[in-house]
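K.L.:
This structure is in structure tokens; I'll ask about it shortly.
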Amino acid sequence: MAAHSADHIPEKEPCSTQKGTDGMEKDPGERRAEHRSPSRPGAESAESACAGDSGLPRELRQPHSNHPKSKEHKRLNTHRLVLQYIAPCMNSYGLCIVDNFLGEKLGDRILQEVRRVHEDGNMQDGQLACQTLGQTKAIRGDKIAWVEGTETGCYNIGVLLSRIDKLITFADGKLGNYKIRGRHKTETEGFTFDSSSRNRMPFLQHLTDSQLEQLALERIIPALLDRGFFYLDRFLGEAVGRMVLSQVKQIHRSGALSDGQLAGRGSGVCKSHIRGDKIAWRSGTERGSEAVGFLLKQTDKLISLCTGRLRKNTVRERSKAMVACYPGNGAGYVKHVDNPNADGRCVTCIYYLNKNWNAKEHGGVLRIFPEGKSYVADIEPLFDRLLLFWSDRRNPHEVQPSFATRYAITVWYFDSEERAEAKRRFRDSTASSQSSTTS
């Protein structure tokens with residue numbers, strides 16, 4: 001879906017540029033990691049990349065080292081590591097090797113945890129996928145155990161898993177035609193392997209496509225058509241929710257947030273008395289916004305399953321994601337309507353990111369005043385909660401004063417016909433004002 005900033009109606013979407021990947025950290029001496037990335041996946045055969053008598057490509061004979069070169073240098077960041085080395089090598093040779101992946105201190109802590117698992121007797125004979133009676137040990141002689149990284153004594157193994165998960169998050173979509181939707185536990189500690197959904201890769205697919213479709217058809221559409229709003233808890237799952245929260249906090253710390261704007265300026269009215277949040281717009285493709293991008297993909301899937309079934313609304317585009325923070329000083333947003341003037345927005349989608357939120361203590365409730373109803377709906381901004389509601393005059397709403405830092409991500413989905421008409425009005429208005437200033 002096309003993404004636009006929802007605070008105005010642009011004639012054209014501003015072009016986005018992507019930074020190059022120059023300036024990779026160099027090793028001592030020649031000061032450059034001894035590997036090269038093929039110009040495109042599959043651009044050269046493994047044979048043509050071989051050098052010397054080893055028969056291996058240079059990238060595999062001299063693996064990339066992720067060791068920092070000095071106190072002034074940091075490890076190659078995950079994004080560049082994937083783009084410059086892992087994805088090209090995987091696509092060209094089918095494997096890649098990264099040395100010093102976590103560093104000596106963390107690596108040693110993981111080693112100590114693995115040794116404790118072994119010494120505690122938790123390991124058992126490794127099994128074959130296709131058992132042959134009496135031949136398992138002749139084929140496979142290791143002892144194994146399965147862990148999730150959340151068990152007592154496995155904290156650092158969990159850190160390893162989270163780093164690998166992050167790598168695969170960046171690499172998904174760049175490894176041929178594969179769409180990675182899960183992983184198993186790590187093969188270390190002695191628990192029975194369970195391939196149920198709770199052990200799948202936590203950051204990529206909390207809900208399967210079929211579950212999303214069932215959710216859209218059986219719950220979201222009926223609720224929107226009947227009540228005008230719907231919310232769902234545990235939308236992305238704990239792990240990916242934490243990743244989104246971490247990126248939003250980093251956006252906040254970087255100083256990228258600015259005061260939220262009002263659609264119509266009221267003379268003599270202090271803006272902060274009406275709206276006290278600070279915001280930034282993200283498409284989800286920026287560096288440091290990858291988890292936000294995954295959230296958008298999931299909401300896009302949901303809305304695409306709903307479109308055509310929401311009466312007259314046909315959704316083909318959306319806004320960018322509005323990352324918002326109420327700083328916890330009692331700021332809120334007075335009762336308002338997102339789309340009072342037919343600007344195209346038809347569905348408001350909000351994802352909340354607030355752990356351990358207590359509405360009685362922290363406030364910050366979003367109160368909806370459904371048109372024609374005798375009740376109000378109070379939605380607490382709880383972590384990993386997704387809220388959808390009609391953007392027009394059917395759902396006036398307010399954000400009550402927040403007394404703790406309150407994070408949310410909002411995206412608006414546009415009705416295609418209303419959006420096209422709004423753009424036409426905007427063009428006509430702009431042309432008319434330009435004409436009056438030149439006459």
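Labels used: A, B, ... for chains in the order of the structure tokens, numbers from 1 for residues in each chain, and numbers from 1 for ligands as shown.
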Residues near segment 389-404 of chain A, anyone? I mean within 8 Å using only C-alpha atoms, not counting same-chain ones fewer than 6 positions away, as JSON, numbers by chain.
P.N.:
{"A": [224, 228, 229, 230, 326, 327, 328, 329, 330, 331, 332, 333, 334, 335, 336, 337, 338, 339, 340, 342, 345, 346, 347, 348, 349, 361, 362, 363, 364, 365, 366, 367, 368, 369, 370, 371, 412]}
K.L.:
Within 10 Å of segment 301-307 of chain A, counting only C-alpha atoms, which residues show up once you throw out same-chain ones fewer than 2 positions away? Write them as a VMD selection string, please.
P.N.:
chain A and resid 1 209 212 to 217 220 to 221 295 to 299 309 to 317 347 349 388 413 415
K.L.:
Applying 10 Å and only C-alpha atoms, which residues near Cys154 of chain A remain after dropping the ones on its own chain fewer than 5 positions away? List them as a list of chain:residue names.
P.N.:
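Close residues of Cys154 of chain A: A:Arg109, A:Ile110, A:Gln112, A:Glu113, A:Val114, A:Arg116, A:Val117, A:Val147, A:Glu148, A:Gly149, A:Val159, A:Thr188, A:Glu189.
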K.L.:
Grab the residues selected above and save them as a short mmCIF file (atom, residue, chain, number, x, y, z; two decimals), in the first residue's frame with C-alpha atoms.
P.N.:
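Printed below is again22.cif as written:
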data_model
loop_
_atom_site.label_atom_id
_atom_site.label_comp_id
_atom_site.auth_asym_id
_atom_site.auth_seq_id
_atom_site.Cartn_x
_atom_site.Cartn_y
_atom_site.Cartn_z
CA ARG A 109 29.18 -16.49 29.31
CA ILE A 110 27.23 -18.56 26.78
CA GLN A 112 29.57 -21.42 30.73
CA GLU A 113 25.78 -21.82 30.43
CA VAL A 114 26.15 -24.62 27.87
CA ARG A 116 26.24 -26.20 33.05
CA VAL A 117 23.51 -27.73 30.91
CA VAL A 147 16.01 -24.32 25.12
CA GLU A 148 14.10 -21.12 24.46
CA GLY A 149 16.58 -18.85 26.23
CA VAL A 159 20.67 -12.94 24.18
CA THR A 188 21.28 -26.84 23.74
CA GLU A 189 19.16 -27.66 26.78
#
K.L.:
Find the spatial neighbours of segment 255-263 of chain A, counting only C-alpha atoms, within a cut-off of 6 Å - ignore same-chain residues fewer than 6 positions away - and output them as a list in words.
P.N.:
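The contact residues come out as Asp277, Lys278, Ile279 and Ala280 of chain A.
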K.L.:
Those residues with N, CA, C and O atoms, as a PDB file, in the first residue's frame please?
P.N.:
ATOM      1  N   ASP A 277       0.885  15.721  22.497  1.00  0.00           N
ATOM      2  CA  ASP A 277       1.819  14.664  22.114  1.00  0.00           C
ATOM      3  C   ASP A 277       2.945  15.208  21.250  1.00  0.00           C
ATOM      4  O   ASP A 277       2.868  16.299  20.689  1.00  0.00           O
ATOM      5  N   LYS A 278       3.994  14.412  21.155  1.00  0.00           N
ATOM      6  CA  LYS A 278       5.097  14.680  20.236  1.00  0.00           C
ATOM      7  C   LYS A 278       5.161  13.513  19.260  1.00  0.00           C
ATOM      8  O   LYS A 278       4.995  12.352  19.658  1.00  0.00           O
ATOM      9  N   ILE A 279       5.422  13.819  17.985  1.00  0.00           N
ATOM     10  CA  ILE A 279       5.259  12.798  16.952  1.00  0.00           C
ATOM     11  C   ILE A 279       6.422  12.796  15.956  1.00  0.00           C
ATOM     12  O   ILE A 279       7.201  13.750  15.871  1.00  0.00           O
ATOM     13  N   ALA A 280       6.512  11.712  15.216  1.00  0.00           N
ATOM     14  CA  ALA A 280       7.405  11.601  14.053  1.00  0.00           C
ATOM     15  C   ALA A 280       6.739  10.657  13.067  1.00  0.00           C
ATOM     16  O   ALA A 280       6.014   9.742  13.460  1.00  0.00           O
TER      17      ALA A 280
END
K.L.:
Please measure the separation of atom CA of Arg425 of chain A and atom CA of Asp300 of chain A, giving the value in Å to one decimal.
P.N.:
26.9 Å
K.L.:
Report the residues of segment 167-360 of chain A whose backbone DSSP state falls under strand (DSSP E), written as an NGL selection string.
P.N.:
:A and (186-187 or 229-232 or 258-259 or 278-282 or 315-319 or 321-326 or 333-336 or 345-352)
K.L.:
Write the selection just made, keeping N, CA and C atoms, as a tab-separated table (two decimals), in the first residue's frame?
P.N.:
chain	number	residue	atom	x	y	z
A	186	THR	N	16.57	-23.37	20.40
A	186	THR	CA	17.98	-23.62	20.14
A	186	THR	C	18.37	-25.00	20.69
A	187	GLU	N	19.28	-25.66	20.00
A	187	GLU	CA	19.64	-27.04	20.33
A	187	GLU	C	20.74	-27.04	21.39
A	229	PHE	N	-15.82	0.13	16.22
A	229	PHE	CA	-14.44	0.00	16.71
A	229	PHE	C	-14.18	-1.45	17.11
A	230	PHE	N	-12.89	-1.79	17.21
A	230	PHE	CA	-12.48	-3.14	17.58
A	230	PHE	C	-11.07	-3.07	18.14
A	231	TYR	N	-10.78	-3.84	19.21
A	231	TYR	CA	-9.39	-3.91	19.65
A	231	TYR	C	-9.01	-5.35	19.96
A	232	LEU	N	-7.73	-5.61	19.85
A	232	LEU	CA	-7.18	-6.96	19.97
A	232	LEU	C	-5.90	-6.89	20.79
A	258	SER	N	8.57	15.77	17.27
A	258	SER	CA	8.21	17.19	17.33
A	258	SER	C	6.75	17.32	17.72
A	259	ASP	N	6.33	18.53	18.11
A	259	ASP	CA	4.97	18.73	18.57
A	259	ASP	C	3.95	18.32	17.52
A	278	LYS	N	3.99	14.41	21.16
A	278	LYS	CA	5.10	14.68	20.24
A	278	LYS	C	5.16	13.51	19.26
A	279	ILE	N	5.42	13.82	17.98
A	279	ILE	CA	5.26	12.80	16.95
A	279	ILE	C	6.42	12.80	15.96
A	280	ALA	N	6.51	11.71	15.22
A	280	ALA	CA	7.41	11.60	14.05
A	280	ALA	C	6.74	10.66	13.07
A	281	TRP	N	6.98	10.89	11.79
A	281	TRP	CA	6.40	10.04	10.74
A	281	TRP	C	7.44	9.05	10.25
A	282	ARG	N	7.06	7.80	10.12
A	282	ARG	CA	7.96	6.74	9.66
A	282	ARG	C	7.25	5.86	8.63
A	315	VAL	N	-10.15	0.37	0.14
A	315	VAL	CA	-8.87	0.87	0.66
A	315	VAL	C	-7.74	0.43	-0.27
A	316	ARG	N	-6.96	1.40	-0.74
A	316	ARG	CA	-5.82	1.08	-1.59
A	316	ARG	C	-4.52	1.75	-1.12
A	317	GLU	N	-4.61	2.63	-0.16
A	317	GLU	CA	-3.41	3.30	0.34
A	317	GLU	C	-3.61	3.68	1.79
A	318	ARG	N	-2.51	4.08	2.41
A	318	ARG	CA	-2.55	4.49	3.81
A	318	ARG	C	-1.53	5.59	4.04
A	319	SER	N	-1.59	6.14	5.25
A	319	SER	CA	-0.60	7.13	5.67
A	319	SER	C	0.70	6.42	6.06
A	321	ALA	N	3.35	5.79	9.23
A	321	ALA	CA	3.07	5.54	10.64
A	321	ALA	C	3.41	6.79	11.44
A	322	MET	N	2.48	7.22	12.28
A	322	MET	CA	2.74	8.33	13.18
A	322	MET	C	3.16	7.76	14.53
A	323	VAL	N	4.44	7.90	14.84
A	323	VAL	CA	4.97	7.49	16.14
A	323	VAL	C	4.70	8.63	17.11
A	324	ALA	N	3.97	8.35	18.19
A	324	ALA	CA	3.55	9.41	19.11
A	324	ALA	C	3.95	9.09	20.54
A	325	CYS	N	4.30	10.15	21.26
A	325	CYS	CA	4.65	10.03	22.68
A	325	CYS	C	3.96	11.16	23.45
A	326	TYR	N	3.19	10.78	24.45
A	326	TYR	CA	2.71	11.74	25.45
A	326	TYR	C	3.71	11.67	26.60
A	333	TYR	N	-5.19	14.81	24.59
A	333	TYR	CA	-5.70	15.33	23.32
A	333	TYR	C	-7.21	15.45	23.49
A	334	VAL	N	-7.72	16.67	23.40
A	334	VAL	CA	-9.14	16.89	23.66
A	334	VAL	C	-9.99	16.17	22.62
A	335	LYS	N	-11.28	16.08	22.91
A	335	LYS	CA	-12.23	15.39	22.03
A	335	LYS	C	-12.16	15.95	20.62
A	336	HIS	N	-12.01	15.07	19.65
A	336	HIS	CA	-11.86	15.49	18.26
A	336	HIS	C	-12.27	14.35	17.34
A	345	ARG	N	-9.42	9.62	4.98
A	345	ARG	CA	-9.15	8.62	6.02
A	345	ARG	C	-10.45	7.92	6.43
A	346	CYS	N	-10.44	6.60	6.38
A	346	CYS	CA	-11.66	5.86	6.75
A	346	CYS	C	-11.46	4.96	7.96
A	347	VAL	N	-10.27	4.40	8.16
A	347	VAL	CA	-10.01	3.54	9.31
A	347	VAL	C	-8.76	4.04	10.03
A	348	THR	N	-8.89	4.28	11.32
A	348	THR	CA	-7.75	4.62	12.18
A	348	THR	C	-7.28	3.34	12.86
A	349	CYS	N	-5.98	3.11	12.80
A	349	CYS	CA	-5.39	1.90	13.37
A	349	CYS	C	-4.29	2.33	14.35
A	350	ILE	N	-4.42	1.99	15.62
A	350	ILE	CA	-3.46	2.40	16.64
A	350	ILE	C	-2.87	1.16	17.32
A	351	TYR	N	-1.54	1.15	17.44
A	351	TYR	CA	-0.84	0.06	18.13
A	351	TYR	C	-0.18	0.66	19.37
A	352	TYR	N	-0.51	0.09	20.55
A	352	TYR	CA	-0.03	0.63	21.82
A	352	TYR	C	1.18	-0.14	22.33
K.L.:
To one decimal in Å, tell me the separation between atom CA of Leu387 of chain A and atom CA of Ser246 of chain A.
P.N.:
20.3 Å
K.L.:
Choose the residue, out of A:Ala408, A:Asn100, A:Gly141, A:Thr152, that has the smallest atom-to-atom separation from His252 of chain A; count only C-alpha atoms.
P.N.:
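Among the listed residues, A:Ala408 lies closest to His252 of chain A.
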K.L.:
Residues at most 7 Å from Leu175 of chain A, counting only C-alpha atoms, excluding those fewer than 4 positions away in the same chain, as a list in words?
P.N.:
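Near Leu175 of chain A, the qualifying residues are Ala87, Asn91 and Ala171 of chain A.
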K.L.:
Any chance you can output those residues with C-alpha atoms as a PDB file, in the first residue's frame?
P.N.:
ATOM      1  CA  ALA A  87      22.705 -11.840   2.214  1.00  0.00           C
ATOM      2  CA  ASN A  91      22.512 -16.001  -2.147  1.00  0.00           C
ATOM      3  CA  ALA A 171      17.554 -10.542   6.071  1.00  0.00           C
TER       4      ALA A 171
END
K.L.:
Could you list, as number ranges by chain, every residue within 12 Å of Asn356 of chain A, counting only C-alpha atoms and ignoring same-chain residues fewer than 3 positions away?
P.N.:
A: 352-353, 359-362, 380-384, 404-406
K.L.:
Measure the distance from atom CA of Gln247 of chain A to atom CA of Ala291 of chain A in Å and round it to one decimal.
P.N.:
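Between atom CA of Gln247 of chain A and atom CA of Ala291 of chain A the gap is 7.3 Å.
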K.L.:
Go through A:Arg424, A:Arg385, A:Arg287, A:Asn177 one by one, measure the shortest atom-to-atom distance of each to Phe235 of chain A using only C-alpha atoms, and give the residue with the smallest value.
P.N.:
A:Arg385
K.L.:
Counting only C-alpha atoms, which of A:Lys320, A:Asp343, A:Ala239, A:Asn77 gets nearest to Ser416 of chain A?
P.N.:
A:Asp343
K.L.:
From a DSSP calculation on the backbone, collect every residue of segment 151-369 of chain A in alpha helix (DSSP H) and output the set as a ChimeraX atom specification.
P.N.:
/A:155-171,209-215,221-226,238-253,271-274,290-306,359-362
K.L.:
Taking into account only C-alpha atoms, which residue in the set A:Gly121, A:Tyr178, A:Arg227, A:Glu218 is nearest to Gly372 of chain A?
P.N.:
A:Arg227
